[in-house]
>>> print(open('upload.cif').read())   # mmCIF, C-alpha atoms
data_structure
#
loop_
_atom_site.label_atom_id
_atom_site.label_comp_id
_atom_site.auth_asym_id
_atom_site.auth_seq_id
_atom_site.Cartn_x
_atom_site.Cartn_y
_atom_site.Cartn_z
CA MET A 1 0.00 0.00 0.00
CA LYS A 2 1.46 3.35 -1.10
CA ASN A 3 0.80 6.35 1.14
CA VAL A 4 0.22 9.37 -1.10
CA PHE A 5 -0.47 12.75 0.47
CA VAL A 6 -2.68 15.05 -1.61
CA VAL A 7 -2.64 18.80 -0.99
CA GLY A 8 -6.19 20.11 -0.61
CA LEU A 9 -7.84 16.71 -0.98
CA GLU A 10 -11.65 17.05 -1.00
CA PRO A 11 -14.49 14.58 -1.65
CA PHE A 12 -14.88 15.36 -5.37
CA GLY A 13 -11.17 14.95 -6.07
CA HIS A 14 -10.95 11.86 -3.87
CA GLU A 15 -13.84 10.24 -5.74
CA LEU A 16 -12.05 10.87 -9.03
CA LEU A 17 -8.77 9.45 -7.69
CA ARG A 18 -10.63 6.29 -6.72
CA THR A 19 -11.51 5.70 -10.40
CA ILE A 20 -7.81 5.13 -11.23
CA ARG A 21 -7.15 1.52 -12.13
CA GLY A 22 -5.37 -0.15 -9.23
CA SER A 23 -6.44 2.60 -6.81
CA GLU A 24 -6.77 -0.03 -4.08
CA GLU A 25 -2.96 -0.01 -4.01
CA TYR A 26 -2.92 3.59 -2.76
CA ARG A 27 -3.95 5.31 0.43
CA PHE A 28 -4.80 8.90 -0.48
CA LEU A 29 -4.30 11.09 2.57
CA GLU A 30 -5.28 14.72 3.03
CA LEU A 31 -2.42 17.19 3.36
CA PHE A 32 -4.27 20.36 4.40
CA THR A 33 -7.93 20.91 3.72
CA TYR A 34 -9.49 22.40 0.63
CA GLU A 35 -10.57 25.38 2.73
CA GLU A 36 -7.02 25.97 3.95
CA VAL A 37 -5.16 26.01 0.65
CA VAL A 38 -7.68 26.38 -2.19
CA ARG A 39 -10.69 28.48 -1.17
CA PRO A 40 -10.03 30.04 2.24
CA PRO A 41 -13.40 31.26 3.58
CA ASP A 42 -11.84 34.47 4.90
CA ALA A 43 -10.03 35.10 1.58
CA GLN A 44 -6.67 34.85 3.37
CA TYR A 45 -4.12 32.16 2.56
CA PRO A 46 -1.91 30.99 5.43
CA SER A 47 1.85 31.50 5.34
CA LEU A 48 3.45 29.19 2.79
CA ASP A 49 6.51 28.67 5.00
CA ARG A 50 4.29 27.72 7.94
CA LEU A 51 2.43 25.25 5.77
CA VAL A 52 5.72 23.60 4.76
CA GLU A 53 6.77 23.32 8.41
CA ALA A 54 3.37 21.95 9.39
CA ALA A 55 3.60 19.33 6.63
CA CYS A 56 7.04 18.20 7.78
CA GLN A 57 5.80 17.93 11.37
CA ARG A 58 2.89 15.81 10.23
CA PHE A 59 5.18 13.49 8.31
CA ALA A 60 7.48 13.17 11.31
CA ALA A 61 4.51 12.01 13.40
CA PHE A 62 3.06 9.80 10.65
CA ASN A 63 3.08 6.10 11.44
CA GLY A 64 4.22 4.84 8.06
CA GLN A 65 6.26 5.72 5.00
CA VAL A 66 5.44 8.74 2.89
CA HIS A 67 5.72 7.49 -0.69
CA GLY A 68 4.69 10.64 -2.54
CA ILE A 69 3.20 14.14 -2.40
CA MET A 70 0.92 15.45 -5.12
CA GLY A 71 -1.46 18.26 -5.88
CA TYR A 72 -3.74 19.35 -8.71
CA TRP A 73 -4.81 22.84 -7.64
CA ASP A 74 -3.36 26.17 -8.68
CA PHE A 75 -1.28 28.39 -6.42
CA PRO A 76 -0.48 28.01 -3.56
CA THR A 77 -0.81 24.22 -4.03
CA SER A 78 1.30 24.33 -7.21
CA ALA A 79 4.22 25.70 -5.15
CA LEU A 80 3.46 24.05 -1.81
CA ALA A 81 3.59 20.42 -3.01
CA PRO A 82 7.03 20.83 -4.71
CA LEU A 83 8.39 22.76 -1.70
CA VAL A 84 7.38 19.95 0.66
CA ALA A 85 8.65 17.28 -1.75
CA THR A 86 12.02 19.05 -1.95
CA ARG A 87 12.27 19.17 1.85
CA MET A 88 11.37 15.48 2.08
CA GLY A 89 13.68 14.33 -0.72
CA LEU A 90 10.74 13.06 -2.77
CA PRO A 91 10.19 13.36 -6.55
CA GLY A 92 9.17 16.76 -7.88
CA PRO A 93 10.22 19.61 -10.17
CA GLY A 94 13.15 21.93 -9.48
CA LEU A 95 12.02 25.10 -7.72
CA SER A 96 13.73 27.50 -10.15
CA ALA A 97 12.12 25.81 -13.15
CA LEU A 98 8.80 25.89 -11.32
CA ALA A 99 9.19 29.63 -10.71
CA ARG A 100 9.92 30.22 -14.41
CA CYS A 101 6.44 28.80 -15.05
CA GLU A 102 4.58 30.37 -12.11
CA HIS A 103 5.97 33.92 -12.27
CA LYS A 104 4.01 35.41 -15.18
CA TYR A 105 6.55 38.12 -15.99
CA TRP A 106 9.62 35.85 -15.70
CA SER A 107 7.80 33.24 -17.76
CA ARG A 108 7.10 35.81 -20.50
CA ILE A 109 10.80 36.76 -20.58
CA GLU A 110 11.73 33.09 -21.12
CA GLN A 111 8.93 32.49 -23.62
CA GLN A 112 10.15 35.44 -25.65
CA LYS A 113 13.57 33.81 -25.97
CA ILE A 114 12.34 30.50 -27.36
CA VAL A 115 8.91 31.05 -29.03
CA PRO A 116 8.94 34.81 -29.76
CA ASP A 117 6.29 34.65 -32.48
CA CYS A 118 3.77 33.38 -29.91
CA VAL A 119 4.34 36.09 -27.29
CA PRO A 120 2.53 39.46 -27.18
CA ARG A 121 4.15 42.71 -26.08
CA PHE A 122 4.23 42.93 -22.30
CA GLN A 123 5.81 44.79 -19.42
CA ALA A 124 6.01 44.68 -15.64
CA VAL A 125 3.98 47.22 -13.69
CA ASP A 126 4.33 48.36 -10.08
CA PRO A 127 0.70 49.08 -9.13
CA PHE A 128 1.85 51.07 -6.09
CA SER A 129 3.98 53.46 -8.13
CA ASP A 130 2.77 57.06 -8.47
CA ASP A 131 3.47 56.91 -12.20
CA ALA A 132 2.01 53.43 -12.81
CA VAL A 133 -0.43 54.75 -15.42
CA ALA A 134 2.16 56.76 -17.34
CA SER A 135 4.71 53.92 -17.18
CA ILE A 136 2.72 51.55 -19.38
CA ASP A 137 3.95 51.67 -22.97
CA LEU A 138 1.12 49.66 -24.55
CA ALA A 139 -1.74 50.84 -26.69
CA TYR A 140 -5.23 50.66 -25.22
CA PRO A 141 -6.96 48.28 -24.75
CA PHE A 142 -4.73 45.81 -22.90
CA TRP A 143 -4.95 43.36 -20.00
CA ILE A 144 -3.39 43.81 -16.58
CA LYS A 145 -3.07 41.09 -13.93
CA PRO A 146 -0.81 40.17 -11.00
CA VAL A 147 2.38 38.24 -11.76
CA LYS A 148 0.80 35.48 -9.66
CA ALA A 149 -2.93 34.84 -9.57
CA HIS A 150 -5.41 32.32 -10.94
CA SER A 151 -9.03 32.04 -12.08
CA SER A 152 -8.63 35.52 -13.66
CA PHE A 153 -8.51 37.03 -10.16
CA LEU A 154 -7.61 40.75 -10.44
CA GLY A 155 -7.32 40.40 -14.21
CA PHE A 156 -8.81 43.45 -15.93
CA HIS A 157 -9.46 44.61 -19.48
CA ILE A 158 -8.15 48.18 -19.58
CA ASP A 159 -9.48 50.58 -22.20
CA SER A 160 -8.46 54.01 -20.86
CA PRO A 161 -6.24 55.75 -18.29
CA ALA A 162 -9.29 56.44 -16.11
CA ASN A 163 -10.25 52.77 -16.21
CA LEU A 164 -6.69 51.81 -15.30
CA ARG A 165 -6.58 54.19 -12.34
CA ALA A 166 -9.81 52.71 -10.96
CA ARG A 167 -8.59 49.13 -11.40
CA LEU A 168 -5.26 49.89 -9.76
CA GLU A 169 -7.12 50.83 -6.59
CA THR A 170 -8.70 47.37 -6.49
CA ILE A 171 -5.40 45.68 -7.29
CA ARG A 172 -3.55 47.53 -4.52
CA ALA A 173 -6.18 46.49 -1.99
CA GLN A 174 -6.20 42.79 -2.88
CA ILE A 175 -2.93 41.81 -4.55
CA GLY A 176 -1.38 40.71 -1.25
CA LEU A 177 -3.79 37.77 -1.03
CA MET A 178 -1.54 35.77 -3.36
CA GLY A 179 1.37 38.18 -3.57
CA GLU A 180 2.54 37.60 -0.01
CA PRO A 181 2.66 33.76 -0.14
CA PHE A 182 4.15 33.97 -3.63
CA ASN A 183 7.00 36.09 -2.26
CA GLU A 184 7.56 33.40 0.37
CA PHE A 185 7.94 30.88 -2.44
CA LEU A 186 10.28 33.13 -4.43
CA ALA A 187 12.57 33.40 -1.39
CA HIS A 188 13.48 29.73 -2.03
CA VAL A 189 14.45 30.40 -5.67
CA ASP A 190 17.64 31.66 -7.31
CA MET A 191 16.47 34.47 -9.57
CA PRO A 192 18.21 36.88 -11.98
CA ALA A 193 18.63 40.36 -10.54
CA ASP A 194 16.20 41.94 -13.01
CA ILE A 195 13.51 39.42 -12.09
CA GLN A 196 14.08 39.83 -8.34
CA ALA A 197 12.84 43.40 -8.68
CA VAL A 198 9.44 42.12 -9.89
CA ASN A 199 7.78 40.30 -7.00
CA GLY A 200 4.33 39.12 -6.00
CA TYR A 201 3.13 42.69 -5.48
CA HIS A 202 3.73 43.52 -9.15
CA CYS A 203 1.55 43.12 -12.21
CA ILE A 204 2.09 42.37 -15.85
CA ALA A 205 0.41 44.33 -18.62
CA GLU A 206 -0.02 42.59 -21.98
CA GLU A 207 -1.34 43.27 -25.44
CA LEU A 208 -4.65 41.59 -26.12
CA VAL A 209 -4.30 38.04 -27.44
CA SER A 210 -7.79 36.78 -26.63
CA SER A 211 -9.08 36.49 -30.19
CA GLY A 212 -9.77 33.28 -32.00
CA HIS A 213 -9.92 29.76 -30.65
CA GLN A 214 -8.57 29.08 -27.15
CA CYS A 215 -7.35 25.71 -25.96
CA THR A 216 -5.18 24.09 -23.31
CA LEU A 217 -2.50 21.46 -23.89
CA GLU A 218 -2.08 19.02 -21.01
CA GLY A 219 1.30 17.34 -20.70
CA TYR A 220 4.19 16.27 -18.51
CA ALA A 221 7.96 16.16 -18.53
CA TRP A 222 9.75 12.98 -17.52
CA GLN A 223 13.54 12.70 -17.40
CA GLY A 224 13.97 15.23 -20.19
CA GLU A 225 11.14 13.96 -22.40
CA VAL A 226 8.03 16.10 -22.93
CA GLU A 227 4.70 14.43 -23.68
CA ILE A 228 1.36 16.02 -24.64
CA TYR A 229 -1.54 13.68 -23.86
CA GLY A 230 -4.57 15.85 -24.60
CA ILE A 231 -5.84 19.19 -25.92
CA VAL A 232 -8.97 20.75 -24.41
CA ASP A 233 -10.93 23.56 -26.07
CA SER A 234 -12.01 26.57 -23.98
CA MET A 235 -15.23 28.38 -24.87
CA ARG A 236 -15.62 31.92 -23.51
CA THR A 237 -18.51 34.24 -22.84
CA GLY A 238 -19.35 37.52 -21.16
CA ARG A 239 -18.10 41.05 -21.67
CA HIS A 240 -14.64 41.01 -23.30
CA ASP A 241 -15.07 37.20 -23.74
CA SER A 242 -13.16 36.98 -20.47
CA CYS A 243 -15.22 34.28 -18.72
CA PHE A 244 -15.14 30.56 -19.45
CA SER A 245 -18.49 29.00 -20.33
CA ARG A 246 -17.21 25.45 -20.88
CA TYR A 247 -14.14 23.29 -21.45
CA GLN A 248 -14.63 20.64 -24.13
CA TYR A 249 -12.49 17.59 -24.92
CA PRO A 250 -11.08 16.55 -27.33
CA SER A 251 -10.15 19.66 -29.30
CA VAL A 252 -11.69 20.26 -32.71
CA LEU A 253 -8.75 22.36 -33.92
CA PRO A 254 -7.17 21.34 -37.25
CA ALA A 255 -4.48 18.69 -36.77
CA PRO A 256 -1.69 20.90 -38.22
CA VAL A 257 -2.53 23.66 -35.72
CA GLN A 258 -2.47 21.18 -32.85
CA ALA A 259 0.91 19.92 -34.06
CA ARG A 260 2.36 23.45 -34.08
CA MET A 261 1.12 24.04 -30.54
CA GLU A 262 2.65 20.78 -29.38
CA ALA A 263 6.00 21.64 -30.98
CA ALA A 264 6.04 25.09 -29.36
CA SER A 265 5.13 23.56 -25.98
CA ARG A 266 7.95 21.03 -26.13
CA LYS A 267 10.46 23.75 -27.00
CA LEU A 268 9.28 25.91 -24.13
CA VAL A 269 9.24 23.18 -21.48
CA HIS A 270 12.74 22.07 -22.48
CA HIS A 271 13.96 25.67 -22.37
CA LEU A 272 12.48 26.22 -18.90
CA GLU A 273 14.30 23.05 -17.69
CA TYR A 274 11.00 21.96 -16.18
CA ASP A 275 11.11 18.22 -15.53
CA ASP A 276 9.47 15.34 -13.65
CA ALA A 277 6.18 17.19 -13.33
CA ALA A 278 2.89 17.94 -15.06
CA PHE A 279 1.95 21.15 -16.85
CA ASN A 280 -0.72 22.74 -18.98
CA ILE A 281 -0.19 25.47 -21.58
CA GLU A 282 -2.92 27.76 -22.91
CA PHE A 283 -2.90 29.01 -26.50
CA PHE A 284 -5.06 31.08 -28.82
CA TRP A 285 -5.21 30.31 -32.54
CA ASN A 286 -6.49 33.06 -34.80
CA PRO A 287 -7.91 31.43 -37.94
CA ASP A 288 -7.88 34.77 -39.81
CA ASP A 289 -4.08 35.06 -39.86
CA ASP A 290 -3.17 31.52 -38.69
CA ARG A 291 -1.13 32.92 -35.78
CA LEU A 292 -0.59 31.22 -32.43
CA HIS A 293 -0.52 33.22 -29.21
CA LEU A 294 0.71 31.65 -25.99
CA LEU A 295 -1.38 32.81 -23.02
CA GLU A 296 0.44 31.11 -20.13
CA ILE A 297 1.99 27.93 -18.76
CA ASN A 298 0.76 26.40 -15.49
CA ALA A 299 2.88 24.01 -13.43
CA ARG A 300 0.09 21.52 -12.78
CA ILE A 301 -2.67 19.53 -14.39
CA SER A 302 -6.07 21.15 -14.68
CA ARG A 303 -8.40 19.46 -12.21
CA SER A 304 -11.25 21.00 -14.19
CA HIS A 305 -10.33 18.61 -17.01
CA SER A 306 -10.17 15.47 -14.84
CA PRO A 307 -13.71 14.13 -15.47
CA LEU A 308 -13.36 14.94 -19.19
CA PHE A 309 -10.30 12.71 -19.54
CA LEU A 310 -12.09 10.03 -17.54
CA MET A 311 -15.13 10.10 -19.83
CA VAL A 312 -13.19 10.17 -23.12
CA ASP A 313 -9.88 8.44 -22.39
CA GLY A 314 -10.89 6.17 -19.52
CA ALA A 315 -8.70 7.73 -16.79
CA THR A 316 -8.62 10.96 -14.83
CA ASN A 317 -5.59 13.12 -15.56
CA GLN A 318 -4.83 12.96 -11.83
CA LYS A 319 -3.05 9.74 -12.73
CA ILE A 320 -0.24 11.86 -14.26
CA PRO A 321 0.85 13.65 -11.03
CA LEU A 322 0.25 10.42 -9.10
CA ASP A 323 2.72 8.50 -11.25
CA LEU A 324 5.22 11.36 -11.16
CA ALA A 325 4.93 11.70 -7.36
CA LEU A 326 5.88 8.03 -7.09
CA GLY A 327 8.92 8.54 -9.32
CA ARG A 328 7.70 6.65 -12.36
CA ARG A 329 6.93 7.49 -15.97
CA PRO A 330 3.19 8.13 -16.43
CA ALA A 331 1.14 5.67 -18.44
CA PHE A 332 -2.09 7.13 -19.76
CA PRO A 333 -4.81 5.54 -21.93
CA ARG A 334 -6.26 7.13 -25.05
CA ARG A 335 -9.89 7.06 -26.19
CA ALA A 336 -10.71 4.18 -23.86
CA GLY A 337 -13.62 5.98 -22.19
CA ALA A 338 -17.36 5.59 -22.67
CA TYR A 339 -17.89 8.85 -24.60
CA ARG A 340 -16.47 10.56 -27.68
CA VAL A 341 -16.78 14.08 -26.27
CA ALA A 342 -17.08 15.58 -22.79
CA ALA A 343 -17.31 19.04 -21.26
CA LYS A 344 -17.20 20.98 -18.05
CA PHE A 345 -19.93 23.64 -18.02
CA MET A 346 -19.66 26.63 -15.68
CA VAL A 347 -22.94 27.91 -14.28
CA ARG A 348 -22.23 31.66 -14.29
CA TYR A 349 -24.11 34.84 -13.53
CA PHE A 350 -23.17 38.32 -14.68
CA ASN A 351 -25.32 40.25 -12.20
CA ASP A 352 -25.00 40.19 -8.44
CA GLY A 353 -27.78 38.57 -6.47
CA VAL A 354 -28.66 35.90 -3.93
CA LEU A 355 -28.76 32.18 -4.72
CA THR A 356 -32.22 31.24 -3.53
CA ARG A 357 -31.97 27.63 -4.68
CA VAL A 358 -29.15 25.23 -5.58
CA PRO A 359 -29.54 21.59 -6.60
CA THR A 360 -30.25 19.11 -3.83
CA ASP A 361 -28.72 15.64 -3.68
CA ALA A 362 -32.07 14.35 -4.93
CA ASP A 363 -31.88 16.69 -7.95
CA ILE A 364 -28.41 15.37 -8.80
CA ASP A 365 -29.60 11.76 -8.42
CA ARG A 366 -32.51 12.52 -10.75
CA LEU A 367 -30.12 13.97 -13.34
CA LYS A 368 -28.00 10.82 -13.16
CA GLU A 369 -31.04 8.73 -14.08
CA THR A 370 -30.84 10.20 -17.59
CA CYS A 371 -27.15 11.22 -17.57
CA PRO A 372 -25.36 8.56 -15.50
CA GLU A 373 -21.93 10.03 -16.25
CA ALA A 374 -22.85 13.45 -14.80
CA TRP A 375 -20.75 15.07 -12.09
CA VAL A 376 -22.09 18.17 -10.35
CA ARG A 377 -20.02 20.34 -8.04
CA ARG A 378 -21.88 23.03 -6.10
CA LEU A 379 -19.72 26.06 -5.29
CA ALA A 380 -22.19 27.95 -3.12
CA ALA A 381 -25.03 27.25 -0.70
CA PRO A 382 -28.58 28.65 -0.79
CA GLY A 383 -28.66 32.16 0.59
CA THR A 384 -25.19 33.04 -0.69
CA ARG A 385 -24.77 36.46 -2.23
CA LEU A 386 -22.85 36.00 -5.45
CA GLY A 387 -20.76 39.10 -4.77
CA ASP A 388 -19.49 37.49 -1.56
CA LEU A 389 -17.94 34.49 -3.35
CA ASN A 390 -14.15 34.45 -3.02
CA LEU A 391 -11.59 34.41 -5.84
CA GLN A 392 -13.98 35.06 -8.71
CA ASP A 393 -12.93 36.52 -12.03
CA SER A 394 -13.48 40.24 -12.51
CA TYR A 395 -16.63 40.03 -14.62
CA SER A 396 -18.82 37.14 -13.42
CA TYR A 397 -19.80 34.83 -10.57
CA GLU A 398 -19.51 31.04 -10.81
CA ALA A 399 -22.05 29.06 -8.80
CA ALA A 400 -21.47 25.47 -9.96
CA GLU A 401 -19.70 23.09 -12.31
CA ILE A 402 -21.47 20.43 -14.37
CA PHE A 403 -19.53 17.67 -16.16
CA LEU A 404 -21.22 15.71 -18.95
CA GLY A 405 -20.30 13.28 -21.73
CA ALA A 406 -21.88 12.40 -25.09
CA ASN A 407 -21.05 10.98 -28.50
CA ALA A 408 -21.53 14.27 -30.38
CA GLU A 409 -21.34 17.96 -29.51
CA LYS A 410 -25.03 18.56 -30.30
CA ASP A 411 -26.05 15.84 -27.87
CA LEU A 412 -23.66 17.26 -25.27
CA LEU A 413 -25.23 20.72 -25.44
CA ASN A 414 -28.73 19.24 -25.29
CA LYS A 415 -27.70 17.35 -22.16
CA TYR A 416 -26.50 20.57 -20.56
CA HIS A 417 -29.81 22.35 -21.16
CA HIS A 418 -31.60 19.33 -19.73
CA ALA A 419 -29.30 19.39 -16.70
CA LEU A 420 -30.09 23.05 -16.00
CA GLU A 421 -33.80 22.24 -16.04
CA VAL A 422 -33.39 19.33 -13.64
CA LEU A 423 -30.98 21.04 -11.28
CA ASP A 424 -33.11 24.22 -11.14
CA PHE A 425 -30.69 26.91 -9.96
CA GLN A 426 -32.54 30.05 -8.86
CA VAL A 427 -31.15 33.54 -8.25
CA CYS A 428 -32.79 36.71 -7.04
CA HIS A 429 -30.76 39.38 -8.80
CA ALA A 430 -30.03 42.52 -6.84
CA GLY A 431 -27.60 44.67 -8.70
CA PRO A 432 -26.20 45.84 -12.02
CA GLU A 433 -24.08 43.73 -14.33
CA VAL A 434 -20.51 43.32 -13.12
CA SER A 435 -18.79 46.56 -14.03
CA THR A 436 -16.03 46.87 -16.59
#
>>> encode(input="upload.cif", output="structure tokens")
Amino acid sequence: MKNVFVVGLEPFGHELLRTIRGSEEYRFLELFTYEEVVRPPDAQYPSLDRLVEAACQRFAAFNGQVHGIMGYWDFPTSALAPLVATRMGLPGPGLSALARCEHKYWSRIEQQKIVPDCVPRFQAVDPFSDDAVASIDLAYPFWIKPVKAHSSFLGFHIDSPANLRARLETIRAQIGLMGEPFNEFLAHVDMPADIQAVNGYHCIAEELVSSGHQCTLEGYAWQGEVEIYGIVDSMRTGRHDSCFSRYQYPSVLPAPVQARMEAASRKLVHHLEYDDAAFNIEFFWNPDDDRLHLLEINARISRSHSPLFLMVDGATNQKIPLDLALGRRPAFPRRAGAYRVAAKFMVRYFNDGVLTRVPTDADIDRLKETCPEAWVRRLAAPGTRLGDLNLQDSYSYEAAEIFLGANAEKDLLNKYHHALEVLDFQVCHAGPEVST
């Protein structure tokens, strides 16, 4: 029996892990709760250094061998699991290579060296500087976001100096939520002098690249080899097309375009010296000019894609970090699942309000009578004000996730509309559309 500690293990993720063939050979143990390291109810992450020390103390008191440490959430999990693995002498990526992925500005510098045609113009921005507005040498509109964030948190579409000044006030007030623990992580990393000056309290401004078809390549590096095992399409909605409406697998992009993305990804991962770990890389393809734009690289799998891989390929992508955590080359099936296409749908609202009804367990059971593959993850309880939800993107509120599979896209979309009817979300709106 292998003892594998999972950072932020929660029931939904645990249930997915249990679908892995041979899962009876593993004991999946919680290393910090979901509320501690993924969605803190008070919107405050604990100290990363304290979490590392707490993990080491737990292992010292553990009655058994620790065989591996894994995670599948974004920051701080993406940094915490490798930090603990390094301290324990267990498999994991090098911290400097990890930082070259996680630090959005540093990552752009490295991307520009190896895949320059895929990288937009960008620059670092100190949001606390008196001349922050005047310092930006990009044409409007552009995007600004912290050098470390996720789920589009504090990411804003900027169309004027006045808009920028207003958004900088919000950024200054909230950037420390992830900026402070990210600085704790960076203290463990050897960084070039010019990068050291850009820390977790800085932002990156970038030219717009969000046109065309967006997708995510999921892969891993193993002893110098880089493998891509799936490409997931991302459909967007909302003002500025900034909010995800669904992820759909497998990608419908032309095969030559997928091949170019894979080649660029392999070059980048090799250049970053990122090894023995999973990653995902987001691209845009503009069919009008056939250009590729690299959005970002993430040093983790996407847990949002896990049920999709299970439905289409026959295994959750959590198997990749599991194999890597145990020091072995991942083995992953292809097209061995029960469905030809699968998607994660995000139940989003663009106006503030109160959730007056969310699906009950009985509602979910009733949905499974007609859609047995369905997974439903509720992100808020009845009575929750949408505006009070933590770590939302800047232009919408996400109340739930629905995962479905089918044998054709039309059937998949019909299933989703059916699911919404059965699950019967209800909101009493009480405010204007999320401001721009």
>>> resolve_selection(input="upload.cif", expression="the PyMOL selection byres ((chain A and resi 364) around 12)", output="ChimeraX atom specification")
/A:358-363,365-378,402-403,419-425
>>> write_last_selection(input="upload.cif", atoms="C-alpha atoms", output="PDB file, keeping the file's coordinate frame")
ATOM      1  CA  VAL A 358     -29.150  25.230  -5.580  1.00  0.00           C
ATOM      2  CA  PRO A 359     -29.540  21.590  -6.600  1.00  0.00           C
ATOM      3  CA  THR A 360     -30.250  19.110  -3.830  1.00  0.00           C
ATOM      4  CA  ASP A 361     -28.720  15.640  -3.680  1.00  0.00           C
ATOM      5  CA  ALA A 362     -32.070  14.350  -4.930  1.00  0.00           C
ATOM      6  CA  ASP A 363     -31.880  16.690  -7.950  1.00  0.00           C
ATOM      7  CA  ASP A 365     -29.600  11.760  -8.420  1.00  0.00           C
ATOM      8  CA  ARG A 366     -32.510  12.520 -10.750  1.00  0.00           C
ATOM      9  CA  LEU A 367     -30.120  13.970 -13.340  1.00  0.00           C
ATOM     10  CA  LYS A 368     -28.000  10.820 -13.160  1.00  0.00           C
ATOM     11  CA  GLU A 369     -31.040   8.730 -14.080  1.00  0.00           C
ATOM     12  CA  THR A 370     -30.840  10.200 -17.590  1.00  0.00           C
ATOM     13  CA  CYS A 371     -27.150  11.220 -17.570  1.00  0.00           C
ATOM     14  CA  PRO A 372     -25.360   8.560 -15.500  1.00  0.00           C
ATOM     15  CA  GLU A 373     -21.930  10.030 -16.250  1.00  0.00           C
ATOM     16  CA  ALA A 374     -22.850  13.450 -14.800  1.00  0.00           C
ATOM     17  CA  TRP A 375     -20.750  15.070 -12.090  1.00  0.00           C
ATOM     18  CA  VAL A 376     -22.090  18.170 -10.350  1.00  0.00           C
ATOM     19  CA  ARG A 377     -20.020  20.340  -8.040  1.00  0.00           C
ATOM     20  CA  ARG A 378     -21.880  23.030  -6.100  1.00  0.00           C
ATOM     21  CA  ILE A 402     -21.470  20.430 -14.370  1.00  0.00           C
ATOM     22  CA  PHE A 403     -19.530  17.670 -16.160  1.00  0.00           C
ATOM     23  CA  ALA A 419     -29.300  19.390 -16.700  1.00  0.00           C
ATOM     24  CA  LEU A 420     -30.090  23.050 -16.000  1.00  0.00           C
ATOM     25  CA  GLU A 421     -33.800  22.240 -16.040  1.00  0.00           C
ATOM     26  CA  VAL A 422     -33.390  19.330 -13.640  1.00  0.00           C
ATOM     27  CA  LEU A 423     -30.980  21.040 -11.280  1.00  0.00           C
ATOM     28  CA  ASP A 424     -33.110  24.220 -11.140  1.00  0.00           C
ATOM     29  CA  PHE A 425     -30.690  26.910  -9.960  1.00  0.00           C
TER      30      PHE A 425
END
>>> atom_distance(input="upload.cif", atom1="atom CA of Glu282 of chain A", atom2="atom CA of Gln214 of chain A")
7.2 Å
>>> atom_distance(input="upload.cif", atom1="atom CA of Tyr220 of chain A", atom2="atom CA of Val252 of chain A")
21.7 Å
>>> closest_atom_pairs(input="upload.cif", of="segment 51-111 of chain A", to="segment 116-121 of chain A", cutoff="12 Å", atoms="all atoms listed in the file", output="CSV")
residue,atom,partner,partner_atom,distance
A:Tyr105,CA,A:Arg121,CA,11.3
A:Ser107,CA,A:Val119,CA,10.5
A:Arg108,CA,A:Val119,CA,7.3
A:Ile109,CA,A:Val119,CA,9.3
A:Glu110,CA,A:Pro116,CA,9.2
A:Gln111,CA,A:Pro116,CA,6.6
>>> residues_near_point(input="upload.cif", point="(-4.6, 30.4, -10.8)", cutoff="7 Å", atoms="all atoms listed in the file", output="PyMOL selection string")
chain A and resi 74-75+149-151
>>> residues_around(input="upload.cif", residues="Gly200 of chain A", least_positions_apart="3", cutoff="9 Å", atoms="only C-alpha atoms", output="VMD selection string")
chain A and resid 103 146 to 148 175 to 176 178 to 183 186 203
>>> resolve_selection(input="upload.cif", expression="the PyMOL selection byres ((chain A and resi 189) around 10)", output="count of residues only")
17
>>> residues_around(input="upload.cif", residues="Ala331 of chain A", least_positions_apart="4", cutoff="12 Å", atoms="all atoms listed in the file", output="MDAnalysis selection string")
chainID A and resid 20:21 219:220 222 227 229 315:324
>>> atom_distance(input="upload.cif", atom1="atom CA of Ile136 of chain A", atom2="atom CA of Pro161 of chain A")
10.0 Å
>>> resolve_selection(input="upload.cif", expression="the PyMOL selection byres ((chain A and resi 339) around 6)", output="list of chain:residue names")
A:Met311, A:Val312, A:Gly337, A:Ala338, A:Arg340, A:Val341, A:Gly405, A:Ala406, A:Asn407
>>> residues_around(input="upload.cif", residues="segment 1-17 of chain A", least_positions_apart="4", cutoff="6 Å", atoms="all atoms listed in the file", output="PyMOL selection string")
chain A and resi 25-34+66-71
>>> closest_residue(input="upload.cif", among="A:Phe345, A:Trp73, A:Phe350, A:Tyr45", to="Asn390 of chain A", atoms="all atoms listed in the file")
A:Tyr45
>>> closest_residue(input="upload.cif", among="A:Pro127, A:Asp49, A:Gly212, A:Ser23", to="Asp288 of chain A", atoms="only C-alpha atoms")
A:Gly212
>>> closest_residue(input="upload.cif", among="A:Val52, A:Leu308, A:Met261, A:Leu404", to="Ala85 of chain A", atoms="only C-alpha atoms")
A:Val52
>>> residues_around(input="upload.cif", residues="segment 223-225 of chain A", least_positions_apart="3", cutoff="10 Å", atoms="only C-alpha atoms", output="CSV table (one decimal) with C-alpha atoms, in the coordinates of the input")
chain,number,residue,atom,x,y,z
A,220,TYR,CA,4.2,16.3,-18.5
A,266,ARG,CA,8.0,21.0,-26.1
A,269,VAL,CA,9.2,23.2,-21.5
A,270,HIS,CA,12.7,22.1,-22.5
A,273,GLU,CA,14.3,23.0,-17.7
A,274,TYR,CA,11.0,22.0,-16.2
A,275,ASP,CA,11.1,18.2,-15.5
A,276,ASP,CA,9.5,15.3,-13.6
A,277,ALA,CA,6.2,17.2,-13.3
A,328,ARG,CA,7.7,6.6,-12.4
A,329,ARG,CA,6.9,7.5,-16.0
>>> residues_around(input="upload.cif", residues="Pro91 of chain A", least_positions_apart="4", cutoff="7 Å", atoms="all atoms listed in the file", output="list in words")
Ala85, Ala325, Leu326 and Gly327 of chain A
